[in-house]
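Content type compact mmCIF, C-alpha atoms, from the file target_5.txt:
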# COMPACT_ATOMS: atom_id res chain seq x y z
CA MET A 1421 51.68 37.95 -57.61
CA GLY A 1422 51.59 41.38 -55.92
CA GLY A 1423 53.97 44.20 -55.07
CA THR A 1424 57.04 45.38 -56.97
CA ALA A 1425 57.82 42.07 -58.61
CA ALA A 1426 54.33 41.87 -60.15
CA ARG A 1427 54.78 45.19 -61.96
CA LEU A 1428 58.17 44.30 -63.51
CA PRO A 1429 58.38 42.87 -67.05
CA ARG A 1430 59.43 39.22 -67.09
CA ALA A 1431 62.75 40.13 -68.73
CA LEU A 1432 63.64 42.30 -65.76
CA LEU A 1433 62.36 39.97 -63.05
CA ALA A 1434 65.52 37.85 -62.86
CA VAL A 1435 67.71 40.97 -62.77
CA TRP A 1436 65.61 42.41 -59.92
CA ALA A 1437 65.89 39.18 -57.95
CA ALA A 1438 69.64 39.03 -58.42
CA LEU A 1439 70.01 42.62 -57.21
CA VAL A 1440 67.99 41.86 -54.08
CA LEU A 1441 70.15 38.84 -53.27
CA THR A 1442 73.36 40.81 -53.91
CA ALA A 1443 72.20 43.60 -51.62
CA ALA A 1444 71.33 41.12 -48.88
CA ALA A 1445 74.72 39.47 -49.15
CA ALA A 1446 76.46 42.85 -48.95
CA CYS A 1447 74.78 43.47 -45.61
CA GLY A 1448 76.74 40.57 -44.08
CA PRO A 1449 75.54 37.70 -41.91
CA TRP A 1450 72.10 37.64 -40.38
CA PRO A 1451 71.91 39.70 -37.19
CA GLY A 1452 72.96 37.73 -34.13
CA THR A 1453 74.28 34.78 -36.15
CA ALA A 1454 77.77 35.84 -37.12
CA ALA A 1455 78.87 32.27 -37.72
CA ARG A 1456 75.88 31.22 -39.84
CA PRO A 1457 78.10 30.76 -42.94
CA GLY A 1458 79.85 28.11 -40.83
CA ALA A 1459 76.70 26.23 -39.91
CA ASP A 1460 78.38 22.94 -40.79
CA LEU A 1461 81.18 23.25 -38.23
CA ARG A 1462 82.08 19.99 -36.46
CA ILE A 1463 84.05 19.30 -33.28
CA MET A 1464 85.65 15.89 -32.80
CA VAL A 1465 86.07 14.57 -29.26
CA PRO A 1466 88.98 12.08 -29.15
CA ASN A 1467 87.61 10.03 -26.26
CA ILE A 1468 84.35 8.53 -25.01
CA PRO A 1469 81.21 10.43 -24.01
CA GLY A 1470 81.10 11.70 -20.45
CA GLY A 1471 84.71 12.81 -20.05
CA GLY A 1472 86.18 16.28 -19.77
CA TYR A 1473 86.77 16.78 -23.49
CA ASP A 1474 83.26 15.61 -24.29
CA THR A 1475 81.63 17.81 -21.67
CA THR A 1476 83.62 20.87 -22.75
CA ALA A 1477 82.89 20.41 -26.46
CA ARG A 1478 79.18 19.74 -26.00
CA THR A 1479 78.78 22.63 -23.58
CA ALA A 1480 80.51 25.02 -25.99
CA ALA A 1481 78.41 23.80 -28.93
CA LYS A 1482 75.16 24.20 -26.98
CA VAL A 1483 76.00 27.72 -25.82
CA MET A 1484 76.97 28.75 -29.35
CA LYS A 1485 73.68 27.37 -30.64
CA ASP A 1486 71.53 28.87 -27.88
CA THR A 1487 73.11 32.31 -28.25
CA GLY A 1488 73.01 32.32 -32.07
CA ILE A 1489 76.79 32.44 -32.48
CA ALA A 1490 76.78 29.26 -34.57
CA PRO A 1491 73.45 27.56 -35.19
CA ASP A 1492 74.40 23.92 -35.58
CA VAL A 1493 77.87 22.91 -34.42
CA GLN A 1494 77.99 19.12 -34.48
CA VAL A 1495 79.98 17.18 -31.86
CA PHE A 1496 81.05 13.56 -32.41
CA ASN A 1497 83.30 11.11 -30.58
CA LEU A 1498 86.27 9.22 -32.04
CA PRO A 1499 87.95 7.51 -29.06
CA GLY A 1500 91.11 5.47 -29.07
CA ALA A 1501 94.64 5.34 -27.63
CA GLY A 1502 94.11 8.24 -25.24
CA GLY A 1503 93.31 10.64 -28.07
CA VAL A 1504 95.93 9.53 -30.59
CA VAL A 1505 93.31 8.08 -32.97
CA GLY A 1506 91.51 11.42 -33.07
CA LEU A 1507 94.77 13.31 -33.45
CA GLN A 1508 95.72 11.21 -36.45
CA ARG A 1509 92.30 11.86 -37.98
CA ILE A 1510 92.58 15.62 -37.55
CA VAL A 1511 96.06 15.63 -39.13
CA ASP A 1512 94.79 13.50 -42.03
CA GLU A 1513 91.98 16.00 -42.69
CA ARG A 1514 94.42 18.55 -44.12
CA GLY A 1515 92.65 21.65 -45.43
CA ASN A 1516 89.26 20.80 -43.86
CA GLY A 1517 88.42 24.11 -42.22
CA ARG A 1518 84.99 22.96 -41.04
CA LEU A 1519 86.45 20.38 -38.62
CA ALA A 1520 88.22 20.94 -35.30
CA MET A 1521 89.20 18.78 -32.33
CA GLN A 1522 88.66 19.30 -28.63
CA MET A 1523 91.93 18.40 -26.92
CA GLY A 1524 94.22 19.14 -24.03
CA LEU A 1525 97.13 17.94 -21.96
CA GLY A 1526 96.06 14.30 -22.35
CA VAL A 1527 96.49 14.30 -26.12
CA LEU A 1528 100.03 15.67 -25.76
CA GLY A 1529 100.92 12.97 -23.27
CA ALA A 1530 99.32 10.12 -25.17
CA SER A 1531 101.06 11.04 -28.41
CA SER A 1532 104.39 11.26 -26.59
CA VAL A 1533 103.96 7.90 -24.83
CA SER A 1534 102.90 6.11 -28.00
CA GLY A 1535 105.51 7.73 -30.25
CA ALA A 1536 102.68 8.64 -32.60
CA ARG A 1537 103.47 9.80 -36.11
CA ALA A 1538 100.92 12.61 -35.80
CA THR A 1539 101.58 15.28 -33.18
CA VAL A 1540 99.85 18.47 -32.09
CA ALA A 1541 102.65 20.36 -33.86
CA HIS A 1542 101.07 19.20 -37.15
CA THR A 1543 97.72 20.85 -36.35
CA THR A 1544 96.45 24.42 -36.63
CA PRO A 1545 96.07 26.01 -33.17
CA ILE A 1546 92.68 27.70 -32.72
CA ALA A 1547 92.07 28.55 -29.06
CA ARG A 1548 92.75 27.51 -25.50
CA LEU A 1549 89.44 27.62 -23.63
CA VAL A 1550 89.69 26.61 -19.98
CA GLU A 1551 91.90 25.44 -17.17
CA GLU A 1552 90.86 23.02 -14.45
CA PRO A 1553 92.67 22.26 -11.19
CA GLY A 1554 93.13 18.66 -10.22
CA ALA A 1555 91.85 17.10 -7.01
CA VAL A 1556 92.68 14.19 -4.75
CA VAL A 1557 89.36 12.42 -4.16
CA VAL A 1558 88.31 9.47 -1.97
CA PRO A 1559 84.97 7.66 -1.58
CA ARG A 1560 82.84 8.79 1.35
CA ASN A 1561 83.60 5.64 3.36
CA SER A 1562 87.37 6.03 2.99
CA PRO A 1563 89.37 5.88 6.23
CA TYR A 1564 91.42 8.86 5.05
CA ARG A 1565 90.07 12.21 6.18
CA THR A 1566 93.08 14.37 5.25
CA ILE A 1567 95.76 14.38 2.58
CA GLY A 1568 98.33 13.86 5.32
CA GLU A 1569 96.72 10.58 6.41
CA LEU A 1570 96.54 9.34 2.83
CA VAL A 1571 100.14 10.27 2.05
CA ALA A 1572 101.40 8.59 5.24
CA ALA A 1573 99.73 5.31 4.21
CA TRP A 1574 101.05 5.66 0.65
CA GLN A 1575 104.61 6.28 1.83
CA LYS A 1576 104.46 3.32 4.20
CA ASP A 1577 103.38 0.82 1.54
CA PRO A 1578 102.94 2.12 -2.05
CA ALA A 1579 101.95 -1.36 -3.22
CA ARG A 1580 98.78 -1.28 -1.12
CA VAL A 1581 97.56 2.05 -2.47
CA THR A 1582 95.79 2.18 -5.83
CA VAL A 1583 95.26 5.48 -7.58
CA GLY A 1584 92.95 5.89 -10.54
CA GLY A 1585 92.64 8.62 -13.11
CA GLY A 1586 90.46 9.44 -16.06
CA SER A 1587 93.29 9.46 -18.55
CA SER A 1588 95.70 6.98 -20.08
CA PRO A 1589 99.45 7.09 -19.35
CA GLY A 1590 100.75 10.51 -20.28
CA GLY A 1591 97.40 12.16 -19.66
CA PRO A 1592 96.74 14.81 -17.00
CA ASP A 1593 95.55 12.46 -14.26
CA HIS A 1594 98.52 10.16 -14.79
CA LEU A 1595 100.91 13.13 -14.81
CA MET A 1596 99.31 14.52 -11.67
CA SER A 1597 99.60 11.17 -9.88
CA MET A 1598 103.27 10.79 -10.79
CA GLN A 1599 104.12 14.36 -9.81
CA LEU A 1600 102.26 13.96 -6.52
CA ALA A 1601 104.26 10.80 -5.79
CA GLN A 1602 107.51 12.63 -6.51
CA ALA A 1603 106.47 15.54 -4.31
CA VAL A 1604 105.94 13.26 -1.30
CA GLY A 1605 109.07 11.18 -1.85
CA ILE A 1606 107.60 8.11 -3.54
CA ASP A 1607 109.30 6.65 -6.60
CA PRO A 1608 106.74 7.08 -9.43
CA ARG A 1609 107.71 3.65 -10.74
CA ARG A 1610 106.14 2.16 -7.59
CA VAL A 1611 102.79 3.88 -8.09
CA ARG A 1612 99.87 1.56 -8.81
CA TYR A 1613 98.03 3.72 -11.34
CA LYS A 1614 94.88 2.50 -13.09
CA SER A 1615 93.71 4.27 -16.20
CA TYR A 1616 90.05 4.94 -17.04
CA ASP A 1617 90.11 6.59 -20.44
CA GLY A 1618 87.48 9.27 -20.95
CA GLY A 1619 87.54 10.97 -17.57
CA GLY A 1620 84.70 10.91 -15.08
CA GLY A 1621 82.53 8.71 -17.27
CA GLU A 1622 84.59 5.59 -16.46
CA LEU A 1623 86.42 6.73 -13.33
CA LEU A 1624 83.36 7.64 -11.29
CA PRO A 1625 81.86 4.14 -10.79
CA VAL A 1626 85.11 2.61 -9.52
CA LEU A 1627 85.66 5.55 -7.20
CA LEU A 1628 82.16 5.29 -5.77
CA ASP A 1629 82.37 1.56 -5.06
CA GLY A 1630 85.75 1.73 -3.37
CA ARG A 1631 87.86 -0.17 -5.87
CA LEU A 1632 90.42 2.64 -5.72
CA THR A 1633 92.22 4.05 -2.70
CA PHE A 1634 91.96 7.51 -4.23
CA GLY A 1635 91.34 9.26 -7.49
CA ALA A 1636 93.54 11.93 -9.05
CA SER A 1637 91.47 13.89 -11.53
CA GLY A 1638 89.97 17.17 -12.57
CA PHE A 1639 86.97 17.62 -10.32
CA GLY A 1640 84.63 19.16 -12.89
CA GLU A 1641 83.05 15.84 -13.91
CA LEU A 1642 82.78 14.74 -10.26
CA LEU A 1643 81.17 17.86 -8.80
CA GLY A 1644 77.69 16.36 -8.61
CA GLN A 1645 78.88 13.44 -6.47
CA ILE A 1646 81.15 15.69 -4.40
CA ARG A 1647 78.31 18.06 -3.60
CA ALA A 1648 76.04 15.10 -2.81
CA GLY A 1649 78.56 13.80 -0.29
CA GLN A 1650 79.36 10.61 -2.18
CA LEU A 1651 82.97 11.66 -2.72
CA ARG A 1652 85.31 13.59 -0.43
CA VAL A 1653 88.02 15.92 -1.76
CA LEU A 1654 91.18 15.93 0.34
CA ALA A 1655 93.04 18.60 -1.62
CA VAL A 1656 93.07 20.59 -4.84
CA THR A 1657 96.19 21.08 -6.94
CA SER A 1658 95.75 24.77 -7.75
CA ASP A 1659 97.87 27.52 -6.19
CA ARG A 1660 94.84 28.83 -4.31
CA PRO A 1661 91.47 27.36 -3.26
CA ALA A 1662 89.21 26.64 -6.23
CA PRO A 1663 86.02 28.76 -6.27
CA ALA A 1664 83.85 25.67 -6.81
CA LEU A 1665 85.44 23.98 -3.76
CA ALA A 1666 86.23 26.97 -1.59
CA ASP A 1667 86.51 24.96 1.65
CA VAL A 1668 89.00 22.42 0.27
CA PRO A 1669 92.67 23.16 1.03
CA THR A 1670 95.40 23.18 -1.59
CA LEU A 1671 98.29 20.73 -1.53
CA ARG A 1672 100.70 23.57 -0.84
CA SER A 1673 98.72 24.76 2.17
CA GLN A 1674 99.20 21.25 3.61
CA GLY A 1675 102.94 21.14 3.06
CA ILE A 1676 103.10 19.41 -0.34
CA ASP A 1677 104.97 21.50 -2.91
CA LEU A 1678 102.94 20.81 -6.02
CA VAL A 1679 100.75 22.95 -8.27
CA PHE A 1680 99.17 21.19 -11.24
CA THR A 1681 96.59 22.51 -13.68
CA ASN A 1682 94.94 20.77 -16.61
CA TRP A 1683 93.66 22.71 -19.64
CA ARG A 1684 91.51 22.20 -22.74
CA GLY A 1685 91.61 23.81 -26.15
CA ILE A 1686 90.73 23.50 -29.82
CA VAL A 1687 92.94 22.65 -32.79
CA ALA A 1688 92.08 22.23 -36.47
CA PRO A 1689 93.65 20.28 -39.33
CA PRO A 1690 96.82 21.57 -40.97
CA GLY A 1691 96.58 23.69 -44.07
CA ILE A 1692 93.20 25.32 -43.44
CA SER A 1693 92.49 28.71 -44.98
CA ALA A 1694 92.88 31.99 -43.10
CA ASP A 1695 89.13 32.56 -43.46
CA ASP A 1696 88.28 29.20 -41.89
CA ARG A 1697 90.68 29.81 -39.03
CA ARG A 1698 89.13 33.24 -38.50
CA THR A 1699 85.64 31.69 -38.42
CA TRP A 1700 86.64 29.37 -35.59
CA VAL A 1701 88.49 32.04 -33.62
CA GLU A 1702 85.67 34.56 -33.95
CA ALA A 1703 83.02 32.02 -32.96
CA LEU A 1704 84.96 30.92 -29.88
CA SER A 1705 85.81 34.52 -28.96
CA ALA A 1706 82.11 35.35 -29.11
CA LEU A 1707 81.36 32.26 -26.99
CA ARG A 1708 83.75 33.46 -24.31
CA ARG A 1709 81.94 36.80 -24.02
CA THR A 1710 78.50 35.30 -23.37
CA ARG A 1711 76.90 35.18 -19.95
CA ALA A 1712 75.84 31.61 -20.66
CA TRP A 1713 79.45 30.46 -21.09
CA LYS A 1714 80.54 32.28 -17.93
CA ALA A 1715 77.75 30.50 -16.08
CA GLU A 1716 78.99 27.15 -17.42
CA LEU A 1717 82.51 27.93 -16.19
CA ALA A 1718 81.16 28.40 -12.68
CA LYS A 1719 78.93 25.34 -12.93
CA HIS A 1720 81.77 23.00 -13.92
CA GLY A 1721 84.55 24.54 -11.86
CA TRP A 1722 86.45 25.64 -14.98
CA ILE A 1723 88.72 28.68 -15.11
CA ASP A 1724 88.75 30.98 -18.13
CA ALA A 1725 92.12 30.58 -19.87
CA PHE A 1726 91.27 31.93 -23.31
CA ALA A 1727 94.16 32.39 -25.74
CA THR A 1728 94.46 32.37 -29.52
CA GLY A 1729 97.04 33.03 -32.19
CA GLU A 1730 100.74 33.04 -31.38
CA GLU A 1731 100.08 32.96 -27.64
CA TYR A 1732 98.22 29.67 -27.90
CA ALA A 1733 100.70 28.24 -30.42
CA ALA A 1734 103.64 29.04 -28.12
CA PHE A 1735 101.76 27.53 -25.17
CA LEU A 1736 101.14 24.28 -27.06
CA ASP A 1737 104.80 24.04 -28.01
CA ALA A 1738 105.99 24.66 -24.44
CA GLN A 1739 103.52 22.15 -23.00
CA SER A 1740 104.50 19.50 -25.55
CA ARG A 1741 108.17 19.85 -24.66
CA ALA A 1742 107.53 19.83 -20.90
CA VAL A 1743 105.35 16.72 -21.05
CA ALA A 1744 107.84 14.88 -23.25
CA ARG A 1745 110.70 15.69 -20.86
CA PHE A 1746 108.77 14.55 -17.79
CA LEU A 1747 107.63 11.30 -19.38
CA ALA A 1748 111.13 10.58 -20.66
CA GLY A 1749 112.36 10.97 -17.09
CA LEU A 1750 109.88 8.28 -16.05
CA GLY A 1751 110.99 6.04 -18.89
CA ALA A 1752 107.50 6.32 -20.38
CA ALA A 1753 108.38 8.10 -23.60

Taking this structure as input, can you express it in the form of structure tokens?
Amino acid sequence: MGGTAARLPRALLAVWAALVLTAAAACGPWPGTAARPGADLRIMVPNIPGGGYDTTARTAAKVMKDTGIAPDVQVFNLPGAGGVVGLQRIVDERGNGRLAMQMGLGVLGASSVSGARATVAHTTPIARLVEEPGAVVVPRNSPYRTIGELVAAWQKDPARVTVGGGSSPGGPDHLMSMQLAQAVGIDPRRVRYKSYDGGGGELLPVLLDGRLTFGASGFGELLGQIRAGQLRVLAVTSDRPAPALADVPTLRSQGIDLVFTNWRGIVAPPGISADDRRTWVEALSALRRTRAWKAELAKHGWIDAFATGEEYAAFLDAQSRAVARFLAGLGAA
């Protein structure tokens, strides 16, 4: 053995080692890896692989790993009942500060429709990450070239028009479809809506092969097929053209008074410690500042909507109430 340790008496060797470790700990986390003490962080996705929640969670985890924010965030799927199974799991994990759940508008709607015992109000809000406009999409061989043509056919015979979305009743695609029907004077109870839980992963094949008249969904998971010309977007639901689809008109610009935006965020179990909550918030705040995350926003057509703390908590409460009221008006909750 060489160096300083070799010259110390055995009795002092353990003391020397302890002092070295104490000094290292006092210096804080390793440079560039602020979340290394939270290397065992896990994000649950409450639906199947390939959907919006899954894509968002896995993209965030990869960027945090690649940039050294958090070296090994694990993502796993627990699908069921439009997100209610995952929501119940996160509520049951009281005090587990190493676990969080990727969620959004769909979880609020699904829990309201099902009358679930667990609600988002029982969780610990961590951060809202992104927003995503919706889109009205048809297969490339569709006879409808404009939103006006599609709406005219829908108004004439709602029973002959089938709309599909990547969420169960109460989810964002279902809500968007019902609100679009209302905006064009169609009774939502006459809408033939087909649910494909998990987003683009299940919705895409039936859109491509023409089994649906149109799809109502966030376009992030469909961008590849849109850009390849396999799908045609008739309108976006944002208040202005979406950067990822700059040539596509909004509903409002075509005379339909509707603006609809989906969002995704992170919640944790109830009863977690302040330190664990801070770990999550700091890691996600650092994620938001990276160039890699900003590049992913552009790639997927997502809009930065970052919020934490009381702002995010108040947003969740307002969204929960609004969704419950709308669904109750439809007789769905």

Tell me, counting only C-alpha atoms, for each residue of segment 1466-1526 of chain A within 9 Å of segment 1684-1707 of chain A, which pair of atoms is nearest and how far apart they are in Å to one decimal, in rows ordered by chain and increasing number, as CSV.
residue,atom,partner,partner_atom,distance
A:Gly1472,CA,A:Arg1684,CA,8.5
A:Tyr1473,CA,A:Arg1684,CA,7.2
A:Thr1476,CA,A:Arg1684,CA,8.0
A:Ala1480,CA,A:Leu1707,CA,7.4
A:Val1483,CA,A:Leu1707,CA,7.1
A:Met1484,CA,A:Leu1707,CA,6.1
A:Thr1487,CA,A:Leu1707,CA,8.3
A:Ile1489,CA,A:Ala1703,CA,6.3
A:Ala1490,CA,A:Ala1703,CA,7.0
A:Arg1509,CA,A:Pro1689,CA,8.6
A:Ile1510,CA,A:Pro1689,CA,5.1
A:Val1511,CA,A:Pro1689,CA,5.2
A:Asp1512,CA,A:Pro1689,CA,7.4
A:Glu1513,CA,A:Pro1689,CA,5.7
A:Arg1514,CA,A:Pro1690,CA,5.0
A:Gly1515,CA,A:Ile1692,CA,4.2
A:Asn1516,CA,A:Ile1692,CA,6.0
A:Gly1517,CA,A:Ile1692,CA,5.1
A:Arg1518,CA,A:Asp1696,CA,7.1
A:Leu1519,CA,A:Ala1688,CA,6.3
A:Ala1520,CA,A:Ala1688,CA,4.2
A:Met1521,CA,A:Val1687,CA,5.4
A:Gln1522,CA,A:Ile1686,CA,4.8
A:Met1523,CA,A:Gly1685,CA,5.5
A:Gly1524,CA,A:Arg1684,CA,4.3
A:Leu1525,CA,A:Arg1684,CA,7.1

Go ahead and save the residues from that selection, with C-alpha atoms, as a compact mmCIF listing (two decimals), keeping the file's coordinate frame.
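Writing done, so here's out_31.txt:
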# COMPACT_ATOMS: atom_id res chain seq x y z
CA GLY A 1472 86.18 16.28 -19.77
CA TYR A 1473 86.77 16.78 -23.49
CA THR A 1476 83.62 20.87 -22.75
CA ALA A 1480 80.51 25.02 -25.99
CA VAL A 1483 76.00 27.72 -25.82
CA MET A 1484 76.97 28.75 -29.35
CA THR A 1487 73.11 32.31 -28.25
CA ILE A 1489 76.79 32.44 -32.48
CA ALA A 1490 76.78 29.26 -34.57
CA ARG A 1509 92.30 11.86 -37.98
CA ILE A 1510 92.58 15.62 -37.55
CA VAL A 1511 96.06 15.63 -39.13
CA ASP A 1512 94.79 13.50 -42.03
CA GLU A 1513 91.98 16.00 -42.69
CA ARG A 1514 94.42 18.55 -44.12
CA GLY A 1515 92.65 21.65 -45.43
CA ASN A 1516 89.26 20.80 -43.86
CA GLY A 1517 88.42 24.11 -42.22
CA ARG A 1518 84.99 22.96 -41.04
CA LEU A 1519 86.45 20.38 -38.62
CA ALA A 1520 88.22 20.94 -35.30
CA MET A 1521 89.20 18.78 -32.33
CA GLN A 1522 88.66 19.30 -28.63
CA MET A 1523 91.93 18.40 -26.92
CA GLY A 1524 94.22 19.14 -24.03
CA LEU A 1525 97.13 17.94 -21.96

Inset, instruction - Skip segment 1586-1590 of chain A itself and residues of its chain fewer than 4 positions away, then list as a ChimeraX atom specification all residues within 10 Å of it, counting all atoms listed in the file. - result: /A:1467,1471-1472,1501-1503,1525-1534,1594-1596,1598,1613-1624,1635-1638,1743-1744,1746-1747,1752-1753

Contacts of segment 1668-1673 of chain A at 9 Å (all atoms listed in the file; same-chain gap of 6+ positions) as a PDB file with C-alpha atoms, in the coordinates of the input:
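File out-v6.pdb, as written:
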ATOM      1  CA  ALA A1555      91.850  17.100  -7.010  1.00  0.00           C
ATOM      2  CA  ILE A1567      95.760  14.380   2.580  1.00  0.00           C
ATOM      3  CA  VAL A1653      88.020  15.920  -1.760  1.00  0.00           C
ATOM      4  CA  LEU A1654      91.180  15.930   0.340  1.00  0.00           C
ATOM      5  CA  ALA A1655      93.040  18.600  -1.620  1.00  0.00           C
ATOM      6  CA  VAL A1656      93.070  20.590  -4.840  1.00  0.00           C
ATOM      7  CA  THR A1657      96.190  21.080  -6.940  1.00  0.00           C
ATOM      8  CA  SER A1658      95.750  24.770  -7.750  1.00  0.00           C
ATOM      9  CA  ASP A1659      97.870  27.520  -6.190  1.00  0.00           C
ATOM     10  CA  ARG A1660      94.840  28.830  -4.310  1.00  0.00           C
ATOM     11  CA  PRO A1661      91.470  27.360  -3.260  1.00  0.00           C
ATOM     12  CA  ALA A1662      89.210  26.640  -6.230  1.00  0.00           C
ATOM     13  CA  VAL A1679     100.750  22.950  -8.270  1.00  0.00           C
TER      14      VAL A1679
END

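Comparing A:Gln1645, A:Thr1681, A:Gln1674, A:Gln1508 by their smallest distance to Glu1551 of chain A, the closest is A:Thr1681 (using all atoms listed in the file).
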
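Nearest to Gly1729 of chain A of all the residues A:Leu1651, A:Ala1547, A:Ile1646, A:Met1464 is A:Ala1547, based on all atoms listed in the file.
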
Legend entry - Residue nearest Leu1549 of chain A among A:Glu1731, A:Asp1737, A:Asp1724, A:Glu1641 (counting only C-alpha atoms):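 Of A:Glu1731, A:Asp1737, A:Asp1724, A:Glu1641, the one nearest Leu1549 of chain A, counting only C-alpha atoms, is A:Asp1724.
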
Which centre and which edge lengths, in Å to one decimal, describe the axis-aligned box that holds all listed atoms of segment 1563-1577 of chain A after 6 Å is added on each side, as JSON?
{"center_x": 97.0, "center_y": 7.6, "center_z": 3.5, "size_x": 27.2, "size_y": 25.6, "size_z": 17.8}
